Each structure stands twice: as structure tokens, then as C-alpha cells.
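*Asks:* Following this line is my_file.csv, made up of CSV, C-alpha atoms:
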chain,number,residue,atom,x,y,z
A,15,MET,CA,2.5,24.6,-19.8
A,16,ILE,CA,5.4,26.0,-21.9
A,17,ASN,CA,6.6,22.7,-23.3
A,18,GLU,CA,4.7,19.6,-22.4
A,19,ASN,CA,7.1,17.2,-24.1
A,20,LEU,CA,10.1,18.7,-22.3
A,21,TYR,CA,8.2,18.4,-19.0
A,22,LYS,CA,7.5,14.7,-19.6
A,23,TYR,CA,11.0,14.1,-20.9
A,24,ILE,CA,12.5,15.4,-17.6
A,25,LEU,CA,10.2,13.2,-15.6
A,26,GLY,CA,11.4,10.2,-17.7
A,27,ILE,CA,14.9,10.9,-16.5
A,28,ALA,CA,14.3,12.0,-13.0
A,29,ASP,CA,11.8,9.3,-11.9
A,30,ASN,CA,14.5,6.6,-12.5
A,31,SER,CA,16.9,8.3,-10.1
A,32,LEU,CA,14.2,9.1,-7.6
A,33,ILE,CA,12.9,5.5,-7.3
A,34,LEU,CA,16.4,4.0,-7.3
A,35,GLY,CA,17.5,6.6,-4.7
A,36,GLN,CA,14.6,5.6,-2.5
A,37,ARG,CA,15.5,1.9,-2.8
A,38,LEU,CA,19.1,2.6,-1.8
A,39,GLY,CA,18.1,5.0,0.9
A,40,SER,CA,15.9,2.4,2.6
A,41,LEU,CA,19.0,0.3,3.1
A,42,THR,CA,20.4,2.8,5.5
A,43,GLY,CA,21.5,0.9,8.6
A,44,HIS,CA,20.9,-2.4,6.9
A,45,GLY,CA,24.0,-2.7,4.7
A,46,PRO,CA,26.1,-5.9,5.0
A,47,SER,CA,29.0,-3.8,6.4
A,48,LEU,CA,29.5,-0.3,7.6
A,49,GLU,CA,31.3,0.7,4.4
A,50,THR,CA,28.7,-0.7,2.0
A,51,ASP,CA,26.0,0.8,4.1
A,52,ILE,CA,27.6,4.2,3.8
A,53,ALA,CA,28.2,3.7,0.1
A,54,CYS,CA,24.6,2.9,-0.7
A,55,THR,CA,23.5,5.9,1.4
A,56,ASN,CA,26.0,8.2,-0.5
A,57,MET,CA,24.8,7.0,-3.9
A,58,SER,CA,21.2,7.5,-2.8
A,59,LEU,CA,22.1,11.1,-1.7
A,60,ASP,CA,23.7,11.8,-5.1
A,61,LEU,CA,20.6,10.5,-6.9
A,62,PHE,CA,18.3,12.6,-4.8
A,63,GLY,CA,20.5,15.7,-5.4
A,64,GLN,CA,20.3,15.1,-9.1
A,65,VAL,CA,16.5,14.7,-9.1
A,66,ARG,CA,16.1,17.9,-7.2
A,67,SER,CA,17.7,19.8,-10.1
A,68,TYR,CA,15.5,17.9,-12.6
A,69,TYR,CA,12.3,18.5,-10.7
A,70,GLN,CA,13.0,22.1,-10.0
A,71,TYR,CA,13.5,22.6,-13.7
A,72,ALA,CA,10.3,20.6,-14.4
A,73,ALA,CA,8.4,22.8,-11.9
A,74,LYS,CA,9.6,25.9,-13.7
A,75,ILE,CA,8.4,24.5,-17.0
A,76,ALA,CA,5.0,23.4,-15.6
A,77,GLY,CA,4.6,27.0,-14.5
A,78,ASP,CA,1.5,26.4,-12.5
A,79,ASN,CA,2.8,26.9,-8.9
A,80,ARG,CA,3.7,23.3,-8.6
A,81,THR,CA,6.9,22.8,-6.7
A,82,GLU,CA,9.7,20.1,-6.8
A,83,ASP,CA,8.0,18.5,-3.8
A,84,ASP,CA,4.6,18.2,-5.5
A,85,ILE,CA,6.1,16.6,-8.6
A,86,ALA,CA,8.3,14.2,-6.6
A,87,MET,CA,5.9,13.3,-3.9
A,88,LEU,CA,2.3,13.8,-4.9
A,89,ARG,CA,1.8,11.9,-8.2
A,90,LYS,CA,-0.1,8.7,-8.4
A,91,GLU,CA,1.5,5.4,-9.3
A,92,ARG,CA,0.4,5.5,-12.9
A,93,GLU,CA,2.0,8.9,-13.3
A,94,TYR,CA,5.5,7.8,-12.5
A,95,VAL,CA,7.4,6.9,-15.7
A,96,ASN,CA,10.5,5.2,-14.3
A,97,VAL,CA,11.8,2.0,-15.8
A,98,LEU,CA,10.7,-1.2,-14.1
A,99,LEU,CA,14.4,-2.1,-13.3
A,100,VAL,CA,14.8,0.6,-10.7
A,101,GLU,CA,11.7,-0.3,-8.7
A,102,GLN,CA,12.7,-3.9,-8.1
A,103,PRO,CA,13.1,-4.6,-4.4
A,104,ASN,CA,16.3,-5.0,-2.3
A,105,THR,CA,15.9,-8.8,-2.3
A,106,ASP,CA,19.5,-9.4,-1.2
A,107,PHE,CA,22.8,-7.6,-1.6
A,108,ALA,CA,23.7,-9.4,-4.8
A,109,TYR,CA,20.4,-8.4,-6.3
A,110,THR,CA,20.8,-4.8,-5.0
A,111,MET,CA,24.2,-4.5,-6.6
A,112,ALA,CA,23.1,-6.2,-9.9
A,113,ARG,CA,20.2,-3.8,-10.1
A,114,GLN,CA,22.6,-0.9,-9.5
A,115,PHE,CA,25.2,-2.1,-12.0
A,116,LEU,CA,22.6,-2.7,-14.8
A,117,PHE,CA,21.3,0.8,-14.2
A,118,ASP,CA,24.7,2.5,-13.7
A,119,VAL,CA,26.0,1.3,-17.1
A,120,TYR,CA,23.0,2.8,-18.8
A,121,HIS,CA,23.0,6.0,-16.6
A,122,LEU,CA,26.6,6.9,-17.5
A,123,LEU,CA,26.1,6.3,-21.2
A,124,PHE,CA,22.9,8.3,-21.1
A,125,LEU,CA,24.5,11.3,-19.2
A,126,GLN,CA,27.4,11.3,-21.6
A,127,GLU,CA,25.0,12.0,-24.4
A,128,LEU,CA,22.7,14.3,-22.4
A,129,GLN,CA,25.8,16.6,-21.9
A,130,LYS,CA,25.5,17.4,-25.5
A,131,SER,CA,21.8,18.5,-25.2
A,132,LYS,CA,20.9,21.9,-26.7
A,133,ASP,CA,19.0,22.5,-23.4
A,134,LEU,CA,21.6,24.2,-21.2
A,135,THR,CA,20.0,23.2,-17.9
A,136,LEU,CA,19.8,19.5,-18.9
A,137,SER,CA,23.4,19.6,-20.2
A,138,ALA,CA,24.6,21.3,-16.9
A,139,ILE,CA,22.8,18.7,-14.7
A,140,ALA,CA,24.3,15.9,-16.8
A,141,ASN,CA,27.7,17.4,-16.7
A,142,LYS,CA,27.4,17.6,-12.9
A,143,SER,CA,25.9,14.2,-12.4
A,144,ILE,CA,28.4,12.3,-14.6
A,145,LYS,CA,31.2,12.6,-12.0
A,146,GLU,CA,29.0,11.1,-9.3
A,147,VAL,CA,27.6,8.3,-11.5
A,148,SER,CA,31.1,7.3,-12.5
A,149,TYR,CA,31.8,6.5,-8.8
A,150,HIS,CA,28.5,4.5,-8.6
A,151,LEU,CA,29.5,2.5,-11.6
A,152,ARG,CA,32.9,1.7,-10.2
A,153,PHE,CA,31.4,0.6,-6.9
A,154,SER,CA,28.7,-1.7,-8.5
A,155,THR,CA,31.1,-3.1,-11.1
A,156,ASP,CA,33.5,-4.0,-8.3
A,157,TRP,CA,30.8,-5.9,-6.5
A,158,ILE,CA,29.6,-7.8,-9.6
A,159,LYS,CA,33.2,-9.0,-10.0
A,160,ARG,CA,33.8,-9.7,-6.4
A,161,LEU,CA,30.6,-11.7,-5.9
A,162,GLY,CA,30.5,-13.3,-9.3
A,163,ASP,CA,34.1,-14.5,-9.1
A,164,GLY,CA,33.9,-15.2,-5.4
A,165,THR,CA,32.7,-18.2,-3.5
A,166,ALA,CA,30.3,-20.8,-4.9
A,167,VAL,CA,27.4,-19.2,-2.9
A,168,SER,CA,28.2,-15.6,-3.9
A,169,HIS,CA,28.6,-16.7,-7.5
A,170,GLN,CA,25.2,-18.4,-7.5
A,171,LYS,CA,23.5,-15.5,-5.8
A,172,MET,CA,24.9,-13.0,-8.3
A,173,GLN,CA,24.0,-15.3,-11.3
A,174,ASP,CA,20.4,-15.6,-9.9
A,175,ALA,CA,20.2,-11.8,-9.6
A,176,ILE,CA,21.5,-11.1,-13.1
A,177,ASP,CA,19.1,-13.8,-14.5
A,178,GLY,CA,16.2,-12.2,-12.6
A,179,LEU,CA,16.9,-8.7,-13.6
A,180,TRP,CA,18.0,-9.2,-17.2
A,181,THR,CA,14.4,-9.1,-18.4
A,182,TYR,CA,14.1,-5.4,-17.3
A,183,THR,CA,17.1,-4.2,-19.3
A,184,ASP,CA,15.6,-3.8,-22.8
A,185,GLU,CA,13.1,-1.2,-21.6
A,186,LEU,CA,15.9,1.2,-21.0
A,187,PHE,CA,16.1,1.6,-24.8
A,188,HIS,CA,12.4,2.1,-25.5
A,189,GLN,CA,11.4,5.6,-26.7
A,190,THR,CA,8.3,7.4,-25.5
A,191,GLU,CA,6.5,10.0,-27.6
A,192,ALA,CA,8.2,12.7,-25.5
A,193,ASP,CA,11.6,11.1,-26.1
A,194,LYS,CA,11.1,11.2,-29.9
A,195,ALA,CA,9.9,14.8,-29.8
A,196,MET,CA,12.9,15.9,-27.7
A,197,VAL,CA,15.4,13.9,-29.9
A,198,ALA,CA,14.0,15.7,-32.9
A,199,GLU,CA,14.7,19.1,-31.2
A,200,GLY,CA,18.3,18.2,-30.3
A,201,ILE,CA,17.4,18.2,-26.6
A,202,GLY,CA,16.9,14.6,-25.9
A,203,VAL,CA,19.1,11.5,-26.1
A,204,ASP,CA,18.2,8.8,-28.7
A,205,VAL,CA,18.3,5.9,-26.3
A,206,THR,CA,18.0,3.3,-29.0
A,207,LEU,CA,21.6,4.2,-30.1
A,208,LEU,CA,22.9,3.3,-26.6
A,209,LYS,CA,21.8,-0.3,-26.7
A,210,GLU,CA,24.8,-1.8,-28.4
A,211,ALA,CA,27.4,-0.1,-26.2
A,212,TYR,CA,25.3,-1.0,-23.1
A,213,TYR,CA,25.3,-4.7,-23.8
A,214,GLU,CA,28.9,-4.7,-24.8
A,215,LYS,CA,30.0,-3.1,-21.5
A,216,VAL,CA,27.7,-5.2,-19.4
A,217,ASN,CA,28.8,-8.4,-21.1
A,218,ALA,CA,32.5,-7.5,-20.6
A,219,VAL,CA,32.0,-7.1,-16.9
A,220,LEU,CA,29.9,-10.3,-16.5
A,221,GLU,CA,32.5,-12.3,-18.4
A,222,GLU,CA,35.2,-11.1,-16.1
A,223,ALA,CA,33.0,-11.9,-13.2
A,224,THR,CA,32.7,-15.5,-14.5
A,225,LEU,CA,29.0,-15.0,-14.9
A,226,GLU,CA,26.9,-16.4,-17.6
A,227,ILE,CA,25.2,-13.9,-19.9
A,228,PRO,CA,21.4,-14.7,-20.0
A,229,GLU,CA,20.1,-15.7,-23.3
A,230,SER,CA,16.5,-14.6,-22.7
A,231,LYS,CA,15.0,-12.8,-25.6
A,232,TRP,CA,11.8,-11.9,-23.9
A,233,PHE,CA,11.7,-8.6,-22.0
A,234,GLN,CA,9.4,-6.8,-19.6
A,235,LYS,CA,8.2,-3.3,-20.4
A,236,GLY,CA,5.6,-0.8,-19.2
A,237,GLY,CA,7.3,1.5,-16.7
A,238,LYS,CA,7.8,4.3,-19.1
A,239,LYS,CA,4.0,4.2,-19.8
A,240,GLY,CA,3.2,4.2,-16.1
A,241,ILE,CA,2.4,0.5,-15.9
A,242,HIS,CA,4.4,-0.8,-13.0
A,243,THR,CA,5.3,-4.0,-11.2
A,244,GLU,CA,3.5,-4.6,-7.9
A,245,HIS,CA,6.6,-3.3,-6.0
A,246,LEU,CA,6.1,0.4,-6.9
A,247,GLY,CA,2.9,1.0,-4.9
A,248,TYR,CA,4.6,-0.1,-1.6
A,249,LEU,CA,7.6,2.1,-2.4
A,250,LEU,CA,5.5,5.1,-3.1
A,251,ALA,CA,3.4,4.5,0.1
A,252,GLU,CA,6.6,5.0,2.1
A,253,LEU,CA,8.1,7.7,-0.1
A,254,GLN,CA,5.0,9.8,0.0
A,255,TYR,CA,3.9,9.2,3.6
A,256,MET,CA,5.4,12.4,5.1
A,257,GLN,CA,4.2,14.7,2.3
A,258,ARG,CA,0.7,13.3,2.6
A,259,ALA,CA,0.6,13.3,6.4
A,260,TYR,CA,2.0,16.8,6.6
A,261,PRO,CA,1.0,18.6,3.4
A,262,ASN,CA,3.3,21.3,2.1
A,263,MET,CA,6.4,20.2,4.0
A,264,GLU,CA,9.6,20.9,2.1
A,265,TRP,CA,12.6,18.8,1.4
B,2,MET,CA,42.5,28.6,-9.1
B,3,THR,CA,39.6,29.7,-11.2
B,4,THR,CA,39.6,32.4,-13.7
B,5,GLU,CA,35.8,33.0,-14.1
B,6,GLN,CA,35.1,34.1,-10.5
B,7,ASN,CA,33.7,37.6,-10.3
B,8,ILE,CA,33.8,38.8,-6.7
B,9,ASP,CA,33.8,42.3,-5.4
B,10,GLU,CA,37.0,43.0,-3.4
B,11,ILE,CA,35.0,44.5,-0.6
B,12,LEU,CA,33.0,41.3,-0.1
B,13,ILE,CA,36.0,38.9,0.0
B,14,PRO,CA,36.8,39.3,3.8
B,15,ILE,CA,33.1,38.8,4.6
B,16,LEU,CA,32.7,35.6,2.5
B,17,GLU,CA,36.0,34.3,3.8
B,18,GLN,CA,34.3,34.0,7.3
B,19,VAL,CA,31.8,31.6,6.0
B,20,SER,CA,32.9,28.0,6.2
B,21,ASP,CA,31.6,24.6,5.0
B,22,PRO,CA,29.5,23.3,7.9
B,23,GLU,CA,30.9,19.8,7.4
B,24,ILE,CA,34.5,21.0,7.1
B,25,PRO,CA,34.6,24.0,9.4
B,26,VAL,CA,38.3,24.8,8.7
B,27,LEU,CA,37.6,25.3,5.1
B,28,SER,CA,36.3,28.7,4.0
B,29,ILE,CA,33.8,28.7,1.1
B,30,MET,CA,36.2,31.0,-0.7
B,31,ASP,CA,39.0,28.4,-0.5
B,32,MET,CA,36.6,25.7,-1.7
B,33,GLY,CA,35.8,27.7,-4.8
B,34,VAL,CA,32.0,27.4,-4.5
B,35,VAL,CA,31.4,31.1,-4.8
B,36,ARG,CA,31.3,31.9,-8.5
B,37,SER,CA,30.3,35.5,-8.3
B,38,ALA,CA,29.3,38.1,-5.7
B,39,VAL,CA,28.5,41.6,-6.8
B,40,ILE,CA,26.8,44.6,-5.2
B,41,GLU,CA,23.9,45.9,-7.3
B,42,LYS,CA,22.4,48.9,-5.7
B,43,ASP,CA,21.6,47.8,-2.1
B,44,MET,CA,21.6,44.1,-2.9
B,45,VAL,CA,24.4,41.6,-3.0
B,46,LYS,CA,23.9,38.9,-5.7
B,47,VAL,CA,25.8,35.8,-5.0
B,48,GLN,CA,26.1,32.7,-7.2
B,49,ILE,CA,27.3,29.5,-5.7
B,50,THR,CA,27.8,26.1,-7.2
B,51,PRO,CA,27.3,22.8,-5.4
B,52,THR,CA,30.2,20.4,-4.8
B,53,TYR,CA,28.1,17.3,-5.1
B,54,SER,CA,24.5,17.4,-6.3
B,55,GLY,CA,23.1,16.0,-3.1
B,56,CYS,CA,25.4,17.8,-0.7
B,57,PRO,CA,23.3,18.8,2.2
B,58,ALA,CA,25.8,21.5,3.1
B,59,MET,CA,24.7,23.7,0.2
B,60,ASP,CA,21.5,25.0,1.8
B,61,VAL,CA,23.3,25.8,5.0
B,62,ILE,CA,26.1,27.5,3.1
B,63,GLY,CA,23.5,29.7,1.3
B,64,ASP,CA,21.9,30.6,4.7
B,65,ASP,CA,25.3,31.3,6.3
B,66,ILE,CA,26.3,33.6,3.4
B,67,LYS,CA,23.1,35.6,3.9
B,68,SER,CA,23.7,36.0,7.6
B,69,ALA,CA,27.3,37.0,7.2
B,70,LEU,CA,26.4,39.6,4.6
B,71,LYS,CA,23.5,40.8,6.8
B,72,ALA,CA,25.8,41.3,9.7
B,73,ALA,CA,28.0,43.4,7.4
B,74,GLY,CA,24.9,45.5,6.4
B,75,TYR,CA,24.0,43.9,3.1
B,76,ASP,CA,20.8,42.2,1.9
B,77,SER,CA,21.5,39.4,-0.5
B,78,GLU,CA,20.1,37.0,-3.0
B,79,ILE,CA,21.7,33.5,-3.4
B,80,GLU,CA,21.5,31.7,-6.7
B,81,LEU,CA,22.6,28.1,-7.2
B,82,ILE,CA,24.2,27.5,-10.5
B,83,LEU,CA,25.2,24.2,-12.0
B,84,ALA,CA,27.5,25.1,-14.9
B,85,PRO,CA,30.4,25.1,-15.0
B,86,ALA,CA,30.4,22.1,-12.7
B,87,TRP,CA,32.5,22.4,-9.5
B,88,THR,CA,35.9,20.6,-9.5
B,89,THR,CA,38.4,19.9,-6.7
B,90,ASP,CA,40.9,21.9,-8.8
B,91,TRP,CA,39.1,25.0,-7.5
B,92,ILE,CA,40.2,24.3,-3.9
B,93,THR,CA,43.0,26.9,-3.2
B,94,PRO,CA,46.5,25.9,-1.9
B,95,ARG,CA,45.4,27.5,1.4
B,96,GLY,CA,42.3,25.3,1.4
B,97,ARG,CA,44.3,22.2,0.7
B,98,LYS,CA,46.6,23.0,3.6
B,99,ALA,CA,43.6,23.6,5.8
B,100,LEU,CA,42.1,20.2,4.8
B,101,GLU,CA,45.4,18.4,5.6
B,102,ASP,CA,45.8,20.1,8.9
B,103,TYR,CA,42.2,19.1,9.8
B,104,GLY,CA,42.9,15.4,9.0
B,105,ILE,CA,41.5,15.1,5.5
B,106,ALA,CA,44.0,14.2,2.7
B,107,ALA,CA,43.7,16.6,-0.2
B,108,PRO,CA,42.6,15.4,-3.6
B,109,LEU,CA,45.2,14.2,-6.0
B,110,ASN,CA,44.7,14.6,-9.8
B,111,ALA,CA,42.1,12.5,-11.7
B,112,GLU,CA,44.5,9.8,-12.9
B,113,ALA,CA,46.2,9.4,-9.5
B,114,ASP,CA,42.7,9.3,-8.0
B,115,LYS,CA,41.8,6.4,-10.2
B,116,ASP,CA,45.0,4.6,-9.2
B,117,VAL,CA,44.4,4.9,-5.5
B,118,LEU,CA,40.7,4.1,-5.6
B,119,LEU,CA,40.8,1.3,-8.1
B,120,ASN,CA,44.3,-0.2,-8.3
B,121,GLY,CA,45.3,-0.1,-4.7
B,122,LYS,CA,48.3,2.1,-5.4
B,123,ARG,CA,49.7,3.9,-2.3
B,124,LEU,CA,49.8,7.6,-3.1
B,125,VAL,CA,47.7,9.2,-0.5
B,126,LYS,CA,49.6,10.7,2.4
B,127,CYS,CA,48.5,9.9,5.9
B,128,THR,CA,47.4,13.1,7.6
B,129,ASN,CA,48.7,11.9,10.9
B,130,CYS,CA,52.3,10.6,10.2
B,131,GLY,CA,52.9,11.6,6.5
B,132,SER,CA,53.5,8.0,5.3
B,133,THR,CA,52.1,6.9,2.0
B,134,ASN,CA,51.8,3.4,3.2
B,135,THR,CA,48.1,3.8,3.2
B,136,ARG,CA,45.2,1.9,1.8
B,137,LEU,CA,41.6,2.5,0.7
B,138,VAL,CA,39.0,1.2,3.2
B,139,SER,CA,36.0,2.4,1.3
B,140,GLN,CA,35.4,4.5,-1.8
B,141,PHE,CA,32.5,6.2,0.1
B,142,GLY,CA,33.2,8.1,3.3
B,143,SER,CA,31.4,10.1,5.9
B,144,THR,CA,30.2,12.6,3.3
B,145,ALA,CA,29.7,12.3,-0.5
B,146,CYS,CA,33.1,14.0,-1.2
B,147,LYS,CA,35.3,11.7,0.8
B,148,ALA,CA,36.7,8.2,0.8
B,149,GLN,CA,37.9,6.3,3.9
B,150,PHE,CA,41.6,5.4,4.2
B,151,GLN,CA,43.8,3.8,6.8
B,152,CYS,CA,47.5,4.2,7.4
B,153,ASP,CA,49.4,0.9,7.6
B,154,ASP,CA,52.3,2.5,9.5
B,155,CYS,CA,50.6,4.4,12.3
B,156,GLN,CA,47.2,2.6,11.9
B,157,GLU,CA,45.2,5.8,12.0
B,158,PRO,CA,42.1,6.0,9.9
B,159,PHE,CA,41.5,9.2,7.9
B,160,ASP,CA,39.4,10.8,5.2
B,161,TYR,CA,40.6,11.4,1.6
B,162,PHE,CA,38.9,14.2,-0.4
B,163,LYS,CA,38.2,12.5,-3.7
B,164,CYS,CA,39.3,14.2,-6.9
B,165,LEU,CA,36.2,15.5,-8.7
B,166,LYS,CA,36.9,16.5,-12.3
Step by step, read the file and then write its structure as C-alpha cells.
*Replies:*
Amino acid sequence: MINENLYKYILGIADNSLILGQRLGSLTGHGPSLETDIACTNMSLDLFGQVRSYYQYAAKIAGDNRTEDDIAMLRKEREYVNVLLVEQPNTDFAYTMARQFLFDVYHLLFLQELQKSKDLTLSAIANKSIKEVSYHLRFSTDWIKRLGDGTAVSHQKMQDAIDGLWTYTDELFHQTEADKAMVAEGIGVDVTLLKEAYYEKVNAVLEEATLEIPESKWFQKGGKKGIHTEHLGYLLAELQYMQRAYPNMEW
Amino acid sequence: MTTEQNIDEILIPILEQVSDPEIPVLSIMDMGVVRSAVIEKDMVKVQITPTYSGCPAMDVIGDDIKSALKAAGYDSEIELILAPAWTTDWITPRGRKALEDYGIAAPLNAEADKDVLLNGKRLVKCTNCGSTNTRLVSQFGSTACKAQFQCDDCQEPFDYFKCLK
């Protein structure tokens, strides 16, 4: 492999979008209204489009005849390095939108920095994705406010969702060894520097949505090292079914 | 609309015949997705750039370009490039007109887009009656590039091609 750290670094970015895209895609036909249903599917499509660019690049770096499909579809659970946040299930719509919002805020901050990468492919993908992710963030922010500052029931459901998911936010700012190596080369984004801006933005929206900001100081971690919650196995079983049943099929 | 395009004159009429499979009235030349098309020996090398990352039309557009060039006697290679990223500014005036005639409101500028999508301002013209008494139904429409609108005068629903910049 030409550059193992770069390969791992790309997976660290792409796996988040792949898993979140799969979560959103599985809502097709189940959204609470036609418009939200279409919106979730559209966001899923954007994320899948972005991961194709990342995995194609990763396949090129791997240089051993692996394809984007192999990388996306044929790894084992422990080999996925997505954050735990994105693999959390579609419990209800409030939970789904809270998960989306907590990731979107991070995603946009991350891509704004990745645009400056010395790696021209990564900066091009970031530049392209940023426009799409801005729309995602508008959509999820809107729902946080609408449900948080809505009826007593919608407020409670959104507060429960934020409380439940808060514990997965800190992991977004953990660095892997590949991260550190790529930051040193001017390719990767130093995620530790995004933390302050992240919580500032999240808090501002939660306040406007009349939601309480959780005080929990204890956070979950493990996803970036391949140690996942129980939900990922089920998700992968569905995601990988076609590729395992019909080997070598293409996206 | 774009200055960096590099397309051999002789190929223009051929490429103009290829349209977006989801918006058949819009030629890929008017969309600005063809970044370069040059004849090198017996081979045409074409670079196209995706509108949205996940746009399923891009694979079809690649295949359609190949068939159109084949019919004109050229073999071709298609390359997908990401930088510079596509923007709705690259849609030509003719393309914007074709969109409107087809029932899709053409993109405004980035600021106006923010106003109509977020602040409920009424700037998008109904493609049926021309009124701007229209409202956003959903930020996400039938494809990634569109939002759903409805006219409060004639009541017709229509698509709006979101500004991408």
C-alpha cells in the first residue's frame, strides 16, 4: 500500500457517511410525511455519493485490486471505524433528527477544514460535499427547533433524544493514530480544534429550541477503534446482504 | 457561463444532443457538466463533473455521451472530475429558459436562495402563471437538485432548481 495512514484516514471519514446514509436510506417509505421521507432519502443519496468518491480514492491507494464495493461492503464489523453516533438506530423521528443534527454540525465544520487539505482529491471532495451538507444542516436544525419549541410531547421527545445521544458527541473529537499522522502532513483535519465551535453551535440551536443542554461529563467511545454498539452488526447484515449473496455485483 | 471549459468546436453539436435523463429538455452542454472534450488521435477524451455527489444521472450521462460520440464515429473515454465543483451558475441562459418551460423554476442567486428556503420570502416565480405568490413545500424535491414549491395564486405545485454555489 502506498500510504497506509492515508487509507485509514479516508475510511475514518467515509465510514461515518456510509453508516449514516444507510440509516437514513432505510427510512425510505417510512417517513412521517412525504416531504420528510423524500428529504431523508435525498440526504442519504448525498452521503452515498460522497462515500463513493472517498472509497474510490481509498481503493486507488490500497492498490491491490480492491474496489470501492469491496471496501464499502465486505469488511467485518471491527474493521469499520465510524463514530458510534451515526450507527444509533432510527428510534423515532425526534431521535433520527437529533442524530442528524449532532452529526451535521460536526460534518460541516470538518469539511470546511478538509477543504484546505494539501491532498487535492480530499479537498475537492470536501468542496463538493460542503454544499450538500449545508442543506442537511438546515433541515435538521429546522426540525430541532420545530420539535423542541413545539408541543409538550414533541418537546419531551426531542429532549429525550438529545439526552440519549449526547454521550456519543465527544468521540467526534478523538484522534486516531492515522489522524495524527495526516494532520502532521497537512492532509488531515485536527478534529480536537473543532470541539469548541461545535458545542457553541449546538448549544445555540438547543437554546433557541427551548431544550436543556445535557450536563453529562461522561462520554462513550470506541467506534473509531472498531469497537461498536450492538446496533452496527444488524445494520451491516442488511447493508452487506446483496454483496455477500451475489458476489462482485457493482453499485 | 464558464471560462475554463475546453471543448473542440466539432464536438459541440454532438454533445448538445445528450440531455440529462431526469430533465430531458436540458442538454448537458447547457447544464455545464462537460468540462472538456478533446480529440486525441482517434479517441475523444471527455471530462464531466457531477451536479450532486450522489446524482444517479451521472452514470447514465457518461454512457449517453459515449453512445452519441460512437454514433458520430468517435471512440471515447469519460472521466469524472470533482474540482472545480459544479455550480448552478454554469447553467446557460438557454438552459434556464428550457428549465422554466419544462416547469422547473430556475435557480436564483445564493442569497436569494437562502431567503426563499429559510425565511419564507416569495421570490420564486410560478412556472405555470408567473406569480411570485409561491411558497416552499419542502427543501428536498423529487431529485437532489430540486425543492418543492406551490403557487398560492393558481395552486399548481412545481419544482425549484436549488442554487448550488
*Asks:* Show me, as a compact mmCIF listing (two decimals) with C-alpha atoms, keeping the file's coordinate frame, the residues that have an atom within 10 Å of Pro51 in chain B when counting all atoms listed in the file, minus same-chain residues fewer than 4 positions from it.
*Replies:*
# COMPACT_ATOMS: atom_id res chain seq x y z
CA GLY A 63 20.50 15.70 -5.40
CA LYS A 142 27.40 17.60 -12.90
CA GLY B 33 35.80 27.70 -4.80
CA VAL B 34 32.00 27.40 -4.50
CA VAL B 35 31.40 31.10 -4.80
CA GLY B 55 23.10 16.00 -3.10
CA CYS B 56 25.40 17.80 -0.70
CA PRO B 57 23.30 18.80 2.20
CA ALA B 58 25.80 21.50 3.10
CA MET B 59 24.70 23.70 0.20
CA ASP B 60 21.50 25.00 1.80
CA ILE B 62 26.10 27.50 3.10
CA LEU B 81 22.60 28.10 -7.20
CA ILE B 82 24.20 27.50 -10.50
CA LEU B 83 25.20 24.20 -12.00
CA ALA B 84 27.50 25.10 -14.90
CA ALA B 86 30.40 22.10 -12.70
CA TRP B 87 32.50 22.40 -9.50
CA THR B 88 35.90 20.60 -9.50
*Asks:* Can you pull out every residue within 12 Å of His44 in chain A, counting all atoms listed in the file, but drop anything in the same chain fewer than 4 positions away, and send it as a list in words?
*Replies:*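 So the residues in contact are Arg37, Leu38, Gly39, Ser40, Leu48, Glu49, Thr50, Asp51, Ile52, Ala53, Cys54, Thr55, Asn104, Asp106 and Phe107 of chain A.
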*Asks:* With C-alpha atoms retained, export the selected residues as a PDB file, in the frame of the given file.
*Replies:*
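New file part.pdb:
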ATOM      1  CA  ARG A  37      15.500   1.900  -2.800  1.00  0.00           C
ATOM      2  CA  LEU A  38      19.100   2.600  -1.800  1.00  0.00           C
ATOM      3  CA  GLY A  39      18.100   5.000   0.900  1.00  0.00           C
ATOM      4  CA  SER A  40      15.900   2.400   2.600  1.00  0.00           C
ATOM      5  CA  LEU A  48      29.500  -0.300   7.600  1.00  0.00           C
ATOM      6  CA  GLU A  49      31.300   0.700   4.400  1.00  0.00           C
ATOM      7  CA  THR A  50      28.700  -0.700   2.000  1.00  0.00           C
ATOM      8  CA  ASP A  51      26.000   0.800   4.100  1.00  0.00           C
ATOM      9  CA  ILE A  52      27.600   4.200   3.800  1.00  0.00           C
ATOM     10  CA  ALA A  53      28.200   3.700   0.100  1.00  0.00           C
ATOM     11  CA  CYS A  54      24.600   2.900  -0.700  1.00  0.00           C
ATOM     12  CA  THR A  55      23.500   5.900   1.400  1.00  0.00           C
ATOM     13  CA  ASN A 104      16.300  -5.000  -2.300  1.00  0.00           C
ATOM     14  CA  ASP A 106      19.500  -9.400  -1.200  1.00  0.00           C
ATOM     15  CA  PHE A 107      22.800  -7.600  -1.600  1.00  0.00           C
TER      16      PHE A 107
END
*Asks:* From the options A:Lys159, A:Lys132, A:Arg152, A:Arg66, which residue's atoms come nearest to Glu221 in chain A, counting all atoms listed in the file?
*Replies:*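 Distance minimum relative to Glu221 in chain A lands on A:Lys159.
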*Asks:* Show me which bits of chain A are within 8 Å of chain B, counting all atoms listed in the file, as a ChimeraX atom specification.
*Replies:* /A:49-50,52-53,56-57,59-64,135,138-139,141-143,145-146,153
*Asks:* To one decimal place, how far is CA of Ile79 in chain B from CA of Gln129 in chain A in Å?
*Replies:*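 About the pair CA of Ile79 in chain B and CA of Gln129 in chain A: they are 25.4 Å apart.
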*Asks:* Separation of CA of Leu88 in chain A and CA of Gly240 in chain A, in Å?
*Replies:*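 These two atoms are separated by 14.8 Å.
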*Asks:* Name the residues in contact with Ala195 in chain A at a cut-off of 12 Å, using all atoms listed in the file, excluding same-chain residues fewer than 2 positions from it; report them as a VMD selection string.
*Replies:* chain A and resid 17 to 23 189 to 193 197 to 204
*Asks:* For range 92-97 of chain B, list every protein, DNA or RNA residue within 10 Å, evaluated using all atoms listed in the file, and leave out those in the same chain fewer than 5 positions away; present the list as a list in words.
*Replies:*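 The neighbour list is Met2, Thr3, Val26, Leu27, Ser28, Ile29, Met30, Asp31, Met32, Gly33, Val34, Trp87, Asp102, Tyr103, Ile105, Ala106, Ala107, Pro108 and Phe162 of chain B.
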*Asks:* Which residues are close to Glu222 in chain A, i.e. within 10 Å by all atoms listed in the file, leaving aside same-chain residues fewer than 4 positions away? Reply as a list in words.
*Replies:*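 My list of contacting residues is Ile158, Lys159, Arg160, Gly162, Asp163, Asn217, Ala218 and Glu226 of chain A.
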*Asks:* For Leu41 in chain A, which residue among A:Ser58, A:Lys215, A:Ser148, A:Phe115 is the nearest when counting only C-alpha atoms?
*Replies:*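 Among the listed residues, the smallest separation from Leu41 in chain A belongs to A:Ser58.
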*Asks:* Identify the residues around (28.6, -9.9, -9.9) within a radius of 8 Å, measuring from all atoms listed in the file in the coordinates stated by the file, and give them as a ChimeraX atom specification.
*Replies:* /A:108,111-112,155-163,169,172-173,176,220,223,225
*Asks:* What does the distance between CA of Glu101 in chain A and CA of Leu246 in chain A come to in Å, to one decimal place?
*Replies:*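 Computing it gives 5.9 Å between the two atoms.
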*Asks:* Let me make sure I understand: among A:Asn96, A:Thr42, A:Thr206, A:Thr224, which one has the smallest atom-to-atom distance to Asp29 in chain A if we use only C-alpha atoms?
*Replies:*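 Under the stated criterion, the closest residue is A:Asn96.
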